[in-house]
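Asks: protein_24.cif is reproduced below (mmCIF, C-alpha atoms).
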data_data
#
loop_
_atom_site.label_atom_id
_atom_site.label_comp_id
_atom_site.auth_asym_id
_atom_site.auth_seq_id
_atom_site.Cartn_x
_atom_site.Cartn_y
_atom_site.Cartn_z
CA MET A 1 48.13 95.58 192.47
CA ALA A 2 47.42 92.36 190.67
CA PHE A 3 49.01 90.60 193.61
CA MET A 4 46.74 92.38 196.10
CA ALA A 5 43.71 91.51 194.03
CA HIS A 6 44.78 87.90 193.97
CA LYS A 7 45.30 87.89 197.71
CA ARG A 8 41.89 89.44 198.23
CA SER A 9 40.18 86.86 196.06
CA SER A 10 41.84 83.94 197.84
CA GLU A 11 40.77 85.39 201.18
CA ASP A 12 37.20 85.78 199.94
CA LYS A 13 37.29 82.21 198.73
CA LEU A 14 38.45 80.99 202.12
CA THR A 15 35.72 82.96 203.89
CA ALA A 16 33.12 81.43 201.59
CA LEU A 17 34.46 77.92 202.23
CA LYS A 18 34.41 78.52 205.97
CA ALA A 19 30.76 79.52 205.73
CA CYS A 20 30.12 76.23 203.90
CA LEU A 21 31.78 74.29 206.70
CA THR A 22 29.60 76.05 209.27
CA ARG A 23 26.50 75.09 207.28
CA VAL A 24 27.71 71.48 207.20
CA ALA A 25 28.33 71.52 210.95
CA GLU A 26 25.04 73.16 211.91
CA ASP A 27 22.56 72.02 209.27
CA ARG A 28 24.23 68.96 207.71
CA ASP A 29 23.87 70.93 204.48
CA ARG A 30 24.77 68.74 201.49
CA GLY A 31 24.87 71.63 199.05
CA ALA A 32 27.50 73.33 201.19
CA PHE A 33 29.37 70.04 201.47
CA ALA A 34 29.34 69.75 197.67
CA GLU A 35 31.08 73.11 197.47
CA LEU A 36 33.75 71.92 199.87
CA PHE A 37 34.14 68.81 197.72
CA ASN A 38 34.47 70.84 194.54
CA HIS A 39 37.23 72.94 196.01
CA TYR A 40 39.19 70.46 198.12
CA ALA A 41 38.83 67.10 196.34
CA PRO A 42 41.09 68.16 193.40
CA LEU A 43 43.69 69.53 195.85
CA ILE A 44 43.65 66.37 197.95
CA ARG A 45 44.02 64.28 194.79
CA ALA A 46 46.95 66.44 193.69
CA TYR A 47 48.54 65.99 197.12
CA SER A 48 48.22 62.21 196.87
CA LEU A 49 49.45 62.11 193.27
CA ALA A 50 52.51 64.18 194.25
CA ARG A 51 53.64 61.22 196.34
CA GLU A 52 52.42 58.46 194.03
CA PRO A 53 52.15 59.74 190.47
CA GLY A 54 49.57 57.82 188.47
CA ALA A 55 47.96 56.17 191.51
CA ASP A 56 44.45 57.50 190.86
CA LEU A 57 42.69 54.93 193.03
CA VAL A 58 44.87 55.78 196.01
CA ALA A 59 44.14 59.47 195.41
CA ASP A 60 40.39 58.80 195.29
CA GLU A 61 40.58 56.80 198.48
CA LEU A 62 42.36 59.67 200.22
CA VAL A 63 39.64 62.09 199.09
CA GLN A 64 36.95 59.80 200.54
CA GLU A 65 38.84 59.39 203.78
CA VAL A 66 39.59 63.09 204.28
CA LEU A 67 36.17 64.41 203.30
CA SER A 68 34.45 61.79 205.45
CA ARG A 69 36.37 63.21 208.39
CA VAL A 70 35.38 66.71 207.36
CA TRP A 71 31.70 65.63 207.35
CA LEU A 72 32.05 64.01 210.77
CA LYS A 73 34.24 66.59 212.45
CA ALA A 74 32.89 69.81 210.93
CA ASP A 75 31.64 70.91 214.34
CA LYS A 76 35.04 70.28 215.92
CA TYR A 77 36.88 72.62 213.59
CA ASN A 78 38.41 75.45 215.59
CA GLU A 79 39.19 78.52 213.57
CA ARG A 80 41.49 79.82 216.26
CA LEU A 81 43.86 76.85 215.96
CA ALA A 82 44.26 76.67 212.19
CA ASN A 83 42.78 78.24 209.13
CA LEU A 84 40.54 75.96 207.07
CA ASN A 85 43.16 75.18 204.41
CA THR A 86 45.61 74.18 207.13
CA TRP A 87 43.02 72.02 208.87
CA ILE A 88 42.39 70.20 205.59
CA PHE A 89 46.13 69.77 205.07
CA THR A 90 46.57 68.18 208.51
CA LEU A 91 43.62 65.84 207.90
CA ALA A 92 45.09 64.82 204.53
CA ARG A 93 48.49 64.26 206.10
CA ASN A 94 47.03 62.16 208.91
CA CYS A 95 44.95 60.06 206.53
CA ARG A 96 47.99 59.50 204.32
CA ILE A 97 50.04 58.32 207.32
CA ASP A 98 47.22 55.90 208.23
CA TYR A 99 47.00 54.64 204.69
CA LEU A 100 50.76 54.08 204.41
CA ARG A 101 50.86 52.25 207.69
CA ARG A 102 48.03 49.91 206.69
CA ASN A 103 49.58 49.20 203.30
CA SER A 104 53.24 49.02 204.16
CA ARG A 105 55.38 45.95 203.63
CA TYR A 106 57.13 46.78 206.87
CA VAL A 107 55.15 46.34 210.02
CA THR A 108 55.20 48.96 212.71
CA GLU A 109 53.57 48.40 216.07
CA ILE A 110 52.92 52.10 216.50
CA ASP A 111 49.42 53.46 216.00
CA PRO A 112 49.71 56.96 214.53
CA THR A 113 46.19 57.97 215.61
CA ASP A 114 47.28 59.06 219.06
CA ILE A 115 50.41 60.73 217.75
CA PHE A 116 48.81 62.97 215.16
CA ASN A 117 45.52 63.49 216.92
CA ASP A 118 44.38 67.07 216.84
CA ILE A 119 46.51 68.70 219.43
CA GLU A 120 44.45 70.21 222.16
CA ASP A 121 45.31 73.71 223.05
CA GLU A 122 43.73 75.75 225.80
CA GLY A 123 43.10 78.11 222.92
CA PRO A 124 45.62 80.79 222.10
CA GLY A 125 45.14 84.22 223.61
CA PRO A 126 44.34 87.22 221.38
CA PHE A 127 48.00 88.26 221.38
CA GLN A 128 49.20 84.86 220.20
CA GLN A 129 46.50 84.83 217.57
CA VAL A 130 47.78 88.06 216.12
CA GLN A 131 51.25 86.51 216.07
CA GLN A 132 49.96 83.42 214.27
CA THR A 133 48.18 85.52 211.66
CA ARG A 134 51.33 87.51 211.08
CA ALA A 135 53.31 84.28 210.79
CA GLU A 136 50.83 82.96 208.23
CA GLU A 137 51.26 86.08 206.15
CA SER A 138 55.04 85.87 206.16
CA ILE A 139 54.85 82.20 205.16
CA HIS A 140 52.47 83.04 202.32
CA THR A 141 54.60 85.81 200.84
CA GLY A 142 57.91 84.15 201.79
CA LEU A 143 57.16 80.95 199.86
CA LYS A 144 56.89 82.91 196.63
CA GLN A 145 60.34 84.42 197.12
CA LEU A 146 62.12 81.27 198.24
CA PRO A 147 65.16 80.23 196.16
CA GLN A 148 64.21 77.38 193.85
CA GLU A 149 66.57 74.90 195.53
CA GLN A 150 64.97 75.46 198.93
CA ALA A 151 61.40 75.38 197.65
CA GLU A 152 62.16 72.12 195.86
CA ILE A 153 63.27 70.47 199.09
CA LEU A 154 60.22 71.67 201.00
CA ARG A 155 57.99 70.22 198.26
CA LYS A 156 59.82 66.89 198.40
CA VAL A 157 59.38 66.67 202.15
CA TYR A 158 55.84 68.04 202.48
CA LEU A 159 54.13 66.93 199.29
CA GLU A 160 56.05 63.88 198.13
CA GLY A 161 56.43 62.73 201.73
CA LYS A 162 60.14 62.02 201.31
CA THR A 163 62.40 61.60 204.31
CA HIS A 164 65.55 63.70 204.41
CA GLN A 165 67.54 60.62 203.46
CA GLN A 166 65.31 59.88 200.44
CA THR A 167 65.53 63.52 199.38
CA SER A 168 69.30 63.36 199.66
CA ASP A 169 69.46 60.15 197.57
CA GLU A 170 67.13 61.49 194.93
CA LEU A 171 68.75 64.88 194.45
CA LYS A 172 72.25 63.44 194.93
CA LEU A 173 72.96 65.94 197.68
CA PRO A 174 74.69 65.25 200.99
CA LEU A 175 72.24 64.68 203.85
CA GLY A 176 73.68 67.70 205.67
CA THR A 177 72.88 69.94 202.69
CA VAL A 178 69.27 68.76 202.64
CA LYS A 179 68.88 69.52 206.33
CA SER A 180 70.54 72.91 206.08
CA ARG A 181 68.32 73.88 203.12
CA VAL A 182 65.26 73.00 205.19
CA ARG A 183 66.60 75.17 208.00
CA LEU A 184 67.40 78.06 205.64
CA ALA A 185 63.94 77.90 204.12
CA LEU A 186 62.27 77.93 207.54
CA LYS A 187 64.42 80.88 208.50
CA LYS A 188 63.38 82.82 205.39
CA LEU A 189 59.73 82.04 206.08
CA GLU A 190 60.21 83.21 209.67
CA VAL A 191 58.43 80.09 210.83
CA LEU A 192 60.34 79.69 214.04
CA ILE A 193 60.62 83.24 215.23
CA GLU A 194 58.98 83.98 218.54
CA ARG A 195 57.68 87.49 218.07
CA MET B 1 56.29 73.96 234.68
CA GLU B 2 59.92 74.87 234.21
CA LYS B 3 60.86 76.25 230.86
CA ILE B 4 62.09 73.56 228.53
CA SER B 5 65.41 74.33 226.91
CA ASN B 6 66.01 71.34 224.66
CA HIS B 7 63.69 71.09 221.69
CA PRO B 8 63.60 68.91 218.55
CA GLN B 9 65.73 70.27 215.70
CA GLN B 10 63.88 72.42 213.17
CA GLU B 11 64.25 69.98 210.31
CA LEU B 12 62.92 67.20 212.51
CA MET B 13 59.86 69.30 213.38
CA ALA B 14 59.34 70.04 209.69
CA ALA B 15 59.49 66.33 208.84
CA TYR B 16 56.98 65.65 211.64
CA SER B 17 54.65 68.30 210.27
CA ALA B 18 55.06 66.85 206.77
CA GLY B 19 54.25 63.36 208.03
CA SER B 20 57.48 61.97 206.61
CA LEU B 21 59.10 60.99 209.91
CA PRO B 22 59.34 57.35 211.06
CA LEU B 23 56.57 56.80 213.63
CA SER B 24 59.03 56.02 216.43
CA GLN B 25 60.60 59.47 216.04
CA ALA B 26 57.16 61.04 215.67
CA LEU B 27 56.24 59.43 219.00
CA CYS B 28 59.14 61.26 220.69
CA ILE B 29 58.17 64.58 219.12
CA SER B 30 54.56 64.10 220.12
CA THR B 31 55.60 63.33 223.71
CA HIS B 32 57.69 66.50 223.75
CA LEU B 33 54.76 68.51 222.34
CA GLU B 34 52.59 67.47 225.26
CA HIS B 35 55.12 69.22 227.48
CA CYS B 36 55.94 72.21 225.29
CA PRO B 37 53.35 74.82 224.20
CA GLU B 38 56.11 76.75 222.42
CA CYS B 39 56.73 73.85 220.01
CA VAL B 40 52.97 73.39 219.55
CA ARG B 41 52.84 76.92 218.17
CA LYS B 42 55.84 76.23 215.94
CA LEU B 43 54.12 73.12 214.67
CA GLN B 44 50.98 75.09 213.80
CA ARG B 45 53.13 77.36 211.64
CA LEU B 46 54.93 74.43 210.05
CA ASP B 47 51.54 72.90 209.26
CA HIS B 48 50.70 76.18 207.60
CA VAL B 49 53.77 75.80 205.37
CA GLY B 50 52.41 72.41 204.27
CA SER B 51 49.02 73.95 203.68
CA GLU B 52 50.42 76.74 201.48
CA LEU B 53 52.46 74.24 199.47
CA MET B 54 49.34 72.16 198.97
CA GLN B 55 47.44 75.21 197.67
CA GLN B 56 50.19 75.73 195.08
CA LEU B 57 49.59 72.31 193.53
CA LYS B 58 47.85 72.09 190.20
CA PRO B 59 44.41 70.70 191.12
CA ALA B 60 43.77 67.16 189.83
CA PRO B 61 40.06 67.07 188.86
CA ALA B 62 37.84 64.65 190.75
CA SER B 63 35.28 62.59 188.85
CA SER B 64 31.56 62.88 189.46
CA GLU B 65 31.56 59.14 190.26
CA LEU B 66 33.86 59.86 193.18
CA ARG B 67 31.52 62.57 194.39
CA ASP B 68 28.47 60.31 194.10
CA LYS B 69 30.26 57.52 195.94
CA LEU B 70 31.20 59.84 198.79
CA PHE B 71 27.71 61.35 199.05
CA ALA B 72 26.17 57.88 199.08
CA ARG B 73 28.11 56.93 202.15
CA LEU B 74 27.60 60.11 204.19
CA ASP B 75 24.57 58.72 206.02
CA SER B 76 26.33 55.58 207.10
CA LEU B 77 29.32 57.45 208.49
CA THR B 78 29.52 57.46 212.25
CA GLU B 79 32.10 58.61 214.72
CA ASP B 80 33.05 54.95 215.13
CA SER B 81 34.86 55.03 211.83
CA GLY B 82 37.16 57.50 213.50
CA THR B 83 38.78 56.52 216.77
CA GLU B 84 37.48 59.37 218.87
CA ASP B 85 35.40 57.18 221.19
CA SER B 86 38.14 54.73 222.01
CA VAL B 87 40.56 57.56 222.69
CA GLU B 88 38.17 59.14 225.17
CA LYS B 89 37.69 55.86 226.97
CA VAL B 90 41.41 55.33 227.33
CA ASP B 91 41.72 58.88 228.62
CA GLN B 92 39.48 58.19 231.57
CA ASP B 93 41.20 54.97 232.56
CA ALA B 94 44.77 55.97 232.14
CA ASP B 95 47.10 57.42 234.68
CA SER B 96 47.29 61.10 233.89
CA ALA B 97 51.09 61.00 234.28
CA VAL B 98 51.31 58.98 231.07
CA PRO B 99 51.50 61.17 227.97
CA LYS B 100 48.50 60.61 225.68
CA CYS B 101 50.51 59.31 222.77
CA LEU B 102 52.13 56.63 224.98
CA ARG B 103 48.85 55.30 226.38
CA GLN B 104 48.61 52.85 223.50
CA PHE B 105 51.48 50.99 225.22
CA VAL B 106 50.96 51.92 228.86
CA ASP B 107 47.35 51.29 229.93
CA GLU B 108 47.77 51.26 233.66
CA GLY B 109 50.55 53.61 234.62
CA PHE B 110 54.31 53.16 234.43
CA ASP B 111 54.50 51.12 237.65
CA LYS B 112 52.45 48.27 236.24
CA LEU B 113 54.86 47.61 233.36
CA GLN B 114 57.17 44.61 233.30
CA TRP B 115 60.43 46.37 234.10
CA LYS B 116 63.66 44.49 233.43
CA ARG B 117 66.91 45.16 235.20
CA VAL B 118 69.67 46.32 232.85
CA SER B 119 72.25 47.26 235.47
CA ALA B 120 72.35 48.15 239.15
CA ASP B 121 71.10 51.61 238.26
CA ILE B 122 68.87 51.07 235.26
CA GLN B 123 65.63 49.29 234.48
CA SER B 124 64.00 49.20 231.09
CA VAL B 125 60.88 48.02 229.32
CA GLN B 126 60.54 47.74 225.57
CA LEU B 127 57.29 49.24 224.27
CA CYS B 128 57.54 48.27 220.61
CA ARG B 129 59.58 48.16 217.42
CA ASP B 130 59.13 50.46 214.47
CA SER B 131 59.18 49.33 210.83
CA ASN B 132 62.73 50.68 210.44
CA GLY B 133 63.89 48.38 213.24
CA ALA B 134 64.11 51.16 215.82
CA ARG B 135 63.53 50.11 219.38
CA VAL B 136 61.11 52.14 221.51
CA GLU B 137 61.65 51.72 225.23
CA LEU B 138 61.23 53.35 228.60
CA LEU B 139 64.28 53.69 230.83
CA LYS B 140 64.25 54.21 234.56
CA ILE B 141 67.47 55.39 236.25
CA ARG B 142 67.58 55.39 240.05
CA PRO B 143 68.37 58.70 241.80
CA GLY B 144 72.04 59.52 241.27
CA GLY B 145 72.42 56.39 239.16
CA SER B 146 74.41 56.37 235.97
CA ALA B 147 74.17 54.67 232.62
CA ILE B 148 77.17 52.85 231.25
CA LYS B 149 79.27 55.09 229.03
CA HIS B 150 78.17 54.36 225.51
CA THR B 151 78.14 55.50 221.91
CA HIS B 152 75.58 54.60 219.29
CA LEU B 153 75.85 52.76 216.04
CA GLY B 154 72.63 54.52 215.08
CA ASP B 155 70.74 57.59 216.21
CA GLU B 156 69.11 57.93 219.60
CA TYR B 157 66.15 60.13 220.55
CA THR B 158 65.31 60.71 224.21
CA VAL B 159 62.49 62.57 225.92
CA ILE B 160 62.57 62.99 229.70
CA LEU B 161 59.21 62.15 231.25
CA GLU B 162 60.05 62.53 234.94
CA GLY B 163 63.08 63.68 236.89
CA GLY B 164 66.24 64.68 235.10
CA PHE B 165 69.80 63.76 234.27
CA SER B 166 73.07 65.31 233.26
CA ASP B 167 75.84 64.22 230.94
CA GLU B 168 79.03 65.66 229.46
CA SER B 169 77.08 68.36 227.62
CA GLY B 170 74.57 69.59 230.18
CA LEU B 171 71.65 69.20 232.53
CA TYR B 172 68.25 68.05 231.32
CA GLY B 173 64.79 68.06 232.86
CA GLU B 174 61.21 67.09 232.28
CA GLY B 175 60.03 67.52 228.69
CA ASP B 176 63.52 67.98 227.27
CA PHE B 177 64.11 66.38 223.88
CA LEU B 178 67.58 65.06 223.10
CA PHE B 179 69.10 63.74 219.93
CA ARG B 180 72.41 61.87 219.87
CA ASP B 181 74.02 60.51 216.74
CA ASN B 182 76.70 57.89 216.39
CA SER B 183 79.54 60.33 217.00
CA ASP B 184 78.37 61.20 220.50
CA GLU B 185 79.81 59.39 223.44
CA HIS B 186 78.09 60.07 226.71
CA THR B 187 77.46 58.95 230.27
CA PRO B 188 74.10 60.14 231.57
CA VAL B 189 73.75 60.45 235.36
CA ALA B 190 70.33 60.86 236.98
CA THR B 191 69.83 63.77 239.38
CA GLN B 192 70.25 62.92 243.07
CA HIS B 193 66.85 63.55 244.54
CA ARG B 194 64.60 61.55 242.29
CA GLU B 195 64.30 58.74 239.81
CA CYS B 196 64.59 59.63 236.13
CA LEU B 197 62.14 58.23 233.61
CA CYS B 198 62.81 58.56 229.87
CA LEU B 199 61.34 57.55 226.57
CA ALA B 200 64.16 56.35 224.33
CA VAL B 201 64.18 55.45 220.65
CA THR B 202 67.33 53.73 219.45
CA GLU B 203 67.94 53.08 215.80
CA GLY B 204 70.98 50.85 216.09
CA PRO B 205 72.62 48.76 218.78
CA ILE B 206 74.24 50.74 221.59
CA GLN B 207 78.00 50.36 221.88
CA PHE B 208 79.45 50.39 225.36
CA THR B 209 82.84 52.06 225.53
CA GLY B 210 84.20 51.26 228.99
CA VAL B 211 87.17 48.84 228.93
CA PHE B 212 85.29 46.30 230.95
CA SER B 213 81.91 46.63 229.35
CA ARG B 214 83.39 46.29 225.89
CA LEU B 215 83.16 42.57 226.57
CA LEU B 216 79.39 42.96 226.69
CA ASN B 217 79.11 44.20 223.16
CA PRO B 218 78.75 40.93 221.24
CA PHE B 219 75.83 39.99 223.47
CA VAL B 220 74.12 43.30 223.11
CA ARG B 221 74.47 43.12 219.39
CA ARG B 222 73.12 39.61 219.17
CA ASN B 223 70.22 40.59 221.33
CA PHE B 224 69.44 43.46 219.01
CA ALA B 225 69.44 41.23 215.96
CA LEU B 226 66.67 39.07 217.40
#
The structure in this file should be written as structure tokens.

Replies:
Amino acid sequence: MAFMAHKRSSEDKLTALKACLTRVAEDRDRGAFAELFNHYAPLIRAYSLAREPGADLVADELVQEVLSRVWLKADKYNERLANLNTWIFTLARNCRIDYLRRNSRYVTEIDPTDIFNDIEDEGPGPFQQVQQTRAEESIHTGLKQLPQEQAEILRKVYLEGKTHQQTSDELKLPLGTVKSRVRLALKKLEVLIER
Amino acid sequence: MEKISNHPQQELMAAYSAGSLPLSQALCISTHLEHCPECVRKLQRLDHVGSELMQQLKPAPASSELRDKLFARLDSLTEDSGTEDSVEKVDQDADSAVPKCLRQFVDEGFDKLQWKRVSADIQSVQLCRDSNGARVELLKIRPGGSAIKHTHLGDEYTVILEGGFSDESGLYGEGDFLFRDNSDEHTPVATQHRECLCLAVTEGPIQFTGVFSRLLNPFVRRNFAL
């Protein structure tokens, strides 16, 4: 019961945040934008600090970068493609990739903008949307039940931004084990099942 | 569009979604995604995994100075600070056969590139190098033409853009994504009726394995070191 109540409250929260985004898109409402800031800025900072602990300036820069895009692209947000939390995650990821490319010692000639641009979709049909919602639910509940060793690897890859090789070096695990744990985790979360 | 049967491995897709993949590999995935709605849906779910993990983080409070600074710059923000405009412009000019993510290297269609002859059957053009040293190139194999039998000292990622080819392990067509590591030895042969165009990312020098072409190896390696 406590779990259901928690789930309900996080859904209500998301609905409220979505309403804020609509007010930003339609009325350029700064009060609504402040609410988005209050909720997402600490999460974006935590995401940045997960990769570079102690780098508060970098974390602040990421917040500015991500929320500037939210302000500019609020009207482009498409609820049918991703829920708001997921949209924010992809913006944070893209901004982090940009930042790392600009500040890397190693030069790459590849511009990530066109690689990680919002993928255009003709818009999923109602059937696919139901599938996506179901998938989101199984990911949400599945993550809580994931064995510690698999969850740890997902966090390394997604939050700390580690490559499989770096994860393998850090945890002193063979590369093959890292990859198979990622696969096992995705299987448990039913991420790749076509329903 | 024919159904694509060769997709990026799951863990590669997860690394792409996490943003922890070298950009040259990400470029291959992105090219595949433009051909494969099925993988686009998988990616949306993988992005959702990242999102859920992010929500689990302990929030790191933001200062009011940070908020003031952001609010102060809202008015001066324009779409120019993103790249939206430039992307749209490129879209209009570019040949629609060129995948979006490759247009940064191919502004006027594949034909206008400076193709170099590699063998009687193959032409290539290097698009760029990644920070890990990987080479990003386009390969063109004439109809029925074959590549020299080779293995890899590093990994190789291939996405078929046009036409198709076969090798020891199967037949591949447009949109297919292939990964070969250094234990694979293969001889791709393009299908008979049309030219085959591929995007290829190679992370180490290719090693030719034919008796004759073994002589070529020192040159290839030197070339790679440049």

Asks: Could you please tell me, as a PDB file with C-alpha atoms, in the coordinates of the input, which residues of chain B have an atom within 7 Å of chain A when using all atoms listed in the file?

Replies:
ATOM      1  CA  GLN B  10      63.880  72.420 213.170  1.00  0.00           C
ATOM      2  CA  GLU B  11      64.250  69.980 210.310  1.00  0.00           C
ATOM      3  CA  ALA B  15      59.490  66.330 208.840  1.00  0.00           C
ATOM      4  CA  ALA B  18      55.060  66.850 206.770  1.00  0.00           C
ATOM      5  CA  GLY B  19      54.250  63.360 208.030  1.00  0.00           C
ATOM      6  CA  SER B  20      57.480  61.970 206.610  1.00  0.00           C
ATOM      7  CA  LEU B  21      59.100  60.990 209.910  1.00  0.00           C
ATOM      8  CA  LEU B  23      56.570  56.800 213.630  1.00  0.00           C
ATOM      9  CA  LEU B  27      56.240  59.430 219.000  1.00  0.00           C
ATOM     10  CA  SER B  30      54.560  64.100 220.120  1.00  0.00           C
ATOM     11  CA  LYS B  42      55.840  76.230 215.940  1.00  0.00           C
ATOM     12  CA  ARG B  45      53.130  77.360 211.640  1.00  0.00           C
ATOM     13  CA  LEU B  46      54.930  74.430 210.050  1.00  0.00           C
ATOM     14  CA  ASP B  47      51.540  72.900 209.260  1.00  0.00           C
ATOM     15  CA  HIS B  48      50.700  76.180 207.600  1.00  0.00           C
ATOM     16  CA  VAL B  49      53.770  75.800 205.370  1.00  0.00           C
ATOM     17  CA  GLY B  50      52.410  72.410 204.270  1.00  0.00           C
ATOM     18  CA  SER B  51      49.020  73.950 203.680  1.00  0.00           C
ATOM     19  CA  GLU B  52      50.420  76.740 201.480  1.00  0.00           C
ATOM     20  CA  LEU B  53      52.460  74.240 199.470  1.00  0.00           C
ATOM     21  CA  MET B  54      49.340  72.160 198.970  1.00  0.00           C
ATOM     22  CA  LEU B  57      49.590  72.310 193.530  1.00  0.00           C
ATOM     23  CA  LYS B  58      47.850  72.090 190.200  1.00  0.00           C
ATOM     24  CA  PRO B  59      44.410  70.700 191.120  1.00  0.00           C
ATOM     25  CA  ALA B  60      43.770  67.160 189.830  1.00  0.00           C
ATOM     26  CA  PRO B  61      40.060  67.070 188.860  1.00  0.00           C
ATOM     27  CA  ALA B  62      37.840  64.650 190.750  1.00  0.00           C
ATOM     28  CA  LEU B  66      33.860  59.860 193.180  1.00  0.00           C
ATOM     29  CA  LEU B  70      31.200  59.840 198.790  1.00  0.00           C
ATOM     30  CA  GLU B  79      32.100  58.610 214.720  1.00  0.00           C
ATOM     31  CA  LYS B 100      48.500  60.610 225.680  1.00  0.00           C
ATOM     32  CA  CYS B 101      50.510  59.310 222.770  1.00  0.00           C
ATOM     33  CA  CYS B 128      57.540  48.270 220.610  1.00  0.00           C
ATOM     34  CA  ARG B 129      59.580  48.160 217.420  1.00  0.00           C
ATOM     35  CA  ASP B 130      59.130  50.460 214.470  1.00  0.00           C
ATOM     36  CA  SER B 131      59.180  49.330 210.830  1.00  0.00           C
TER      37      SER B 131
END

Asks: Name every residue that the PyMOL selection byres ((chain B and resi 35) around 12) selects in this structure, writing the answer as a compact mmCIF listing (two decimals) with C-alpha atoms, in the frame of the given file with chains first and numbers rising.

Replies:
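The result, written out as selection25.txt:
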# COMPACT_ATOMS: atom_id res chain seq x y z
CA ILE A 119 46.51 68.70 219.43
CA GLU A 120 44.45 70.21 222.16
CA ASP A 121 45.31 73.71 223.05
CA MET B 1 56.29 73.96 234.68
CA GLU B 2 59.92 74.87 234.21
CA LYS B 3 60.86 76.25 230.86
CA ILE B 4 62.09 73.56 228.53
CA SER B 5 65.41 74.33 226.91
CA ASN B 6 66.01 71.34 224.66
CA HIS B 7 63.69 71.09 221.69
CA CYS B 28 59.14 61.26 220.69
CA ILE B 29 58.17 64.58 219.12
CA SER B 30 54.56 64.10 220.12
CA THR B 31 55.60 63.33 223.71
CA HIS B 32 57.69 66.50 223.75
CA LEU B 33 54.76 68.51 222.34
CA GLU B 34 52.59 67.47 225.26
CA CYS B 36 55.94 72.21 225.29
CA PRO B 37 53.35 74.82 224.20
CA GLU B 38 56.11 76.75 222.42
CA CYS B 39 56.73 73.85 220.01
CA VAL B 40 52.97 73.39 219.55
CA ALA B 97 51.09 61.00 234.28
CA VAL B 98 51.31 58.98 231.07
CA PRO B 99 51.50 61.17 227.97
CA LYS B 100 48.50 60.61 225.68
CA CYS B 101 50.51 59.31 222.77
CA VAL B 159 62.49 62.57 225.92
CA ILE B 160 62.57 62.99 229.70
CA LEU B 161 59.21 62.15 231.25
CA GLU B 162 60.05 62.53 234.94
CA GLY B 173 64.79 68.06 232.86
CA GLU B 174 61.21 67.09 232.28
CA GLY B 175 60.03 67.52 228.69
CA ASP B 176 63.52 67.98 227.27
CA PHE B 177 64.11 66.38 223.88

Asks: Could you name the residues that touch B:Gln123 at 8 Å or less, counting all atoms listed in the file, but leaving out those on the same chain fewer than 6 positions away, as a ChimeraX atom specification?

Replies: /B:115-117,139-141

Asks: Can you work out the spacing between atom CA of A:His6 and atom CA of A:Glu35 in Å, to one decimal?

Replies: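 Computed distance, atom CA of A:His6 to atom CA of A:Glu35, equals 20.5 Å.
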
Asks: To one decimal place, how far is atom CA of B:Gln55 from atom CA of A:Glu170 in Å?

Replies: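 It comes out at 24.2 Å.
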
Asks: Could you please determine the separation between atom CA of B:Leu113 and atom CA of B:Arg142 in Å, to one decimal place?

Replies: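 Result for atom CA of B:Leu113 versus atom CA of B:Arg142: 16.3 Å, one decimal.
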
Asks: Smallest atom-to-atom distance to B:Phe105: which of B:Leu12, B:Ser119, B:Gln126, B:Asn132, using all atoms listed in the file?

Replies: B:Gln126

Asks: Pick out the residues sitting within 8 Å of A:Leu36, and hand them over as a PyMOL selection string; count all atoms listed in the file, and ignore anything fewer than 6 positions along from it in its own chain.

Replies: chain A and resi 17+20-21

Asks: Using all atoms listed in the file, can you tell me which of B:Ala147, B:Leu77, B:Leu127, B:Val201 comes closest to B:His186?

Replies: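 Using all atoms listed in the file, B:His186 sits closest to B:Ala147.
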
Asks: Since I can't run it myself right now, could you work out what the PyMOL selection byres ((chain A and resi 25) around 10) selects here and report it as JSON, numbers by chain?

Replies: {"A": [19, 20, 21, 22, 23, 24, 26, 27, 28, 29, 32, 33, 70, 71, 72, 73, 74, 75, 76, 77]}

Asks: Could those selected residues go to a file with C-alpha atoms, as a PDB file, in the frame of the given file?

Replies:
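Wrote it out as selection-v5.pdb, contents follow:
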ATOM      1  CA  ALA A  19      30.760  79.520 205.730  1.00  0.00           C
ATOM      2  CA  CYS A  20      30.120  76.230 203.900  1.00  0.00           C
ATOM      3  CA  LEU A  21      31.780  74.290 206.700  1.00  0.00           C
ATOM      4  CA  THR A  22      29.600  76.050 209.270  1.00  0.00           C
ATOM      5  CA  ARG A  23      26.500  75.090 207.280  1.00  0.00           C
ATOM      6  CA  VAL A  24      27.710  71.480 207.200  1.00  0.00           C
ATOM      7  CA  GLU A  26      25.040  73.160 211.910  1.00  0.00           C
ATOM      8  CA  ASP A  27      22.560  72.020 209.270  1.00  0.00           C
ATOM      9  CA  ARG A  28      24.230  68.960 207.710  1.00  0.00           C
ATOM     10  CA  ASP A  29      23.870  70.930 204.480  1.00  0.00           C
ATOM     11  CA  ALA A  32      27.500  73.330 201.190  1.00  0.00           C
ATOM     12  CA  PHE A  33      29.370  70.040 201.470  1.00  0.00           C
ATOM     13  CA  VAL A  70      35.380  66.710 207.360  1.00  0.00           C
ATOM     14  CA  TRP A  71      31.700  65.630 207.350  1.00  0.00           C
ATOM     15  CA  LEU A  72      32.050  64.010 210.770  1.00  0.00           C
ATOM     16  CA  LYS A  73      34.240  66.590 212.450  1.00  0.00           C
ATOM     17  CA  ALA A  74      32.890  69.810 210.930  1.00  0.00           C
ATOM     18  CA  ASP A  75      31.640  70.910 214.340  1.00  0.00           C
ATOM     19  CA  LYS A  76      35.040  70.280 215.920  1.00  0.00           C
ATOM     20  CA  TYR A  77      36.880  72.620 213.590  1.00  0.00           C
TER      21      TYR A  77
END

Asks: Given the file above and the PyMOL selection byres ((chain B and resi 170) around 12), which residues are selected, and can you give them as a count of residues only?

Replies: 19
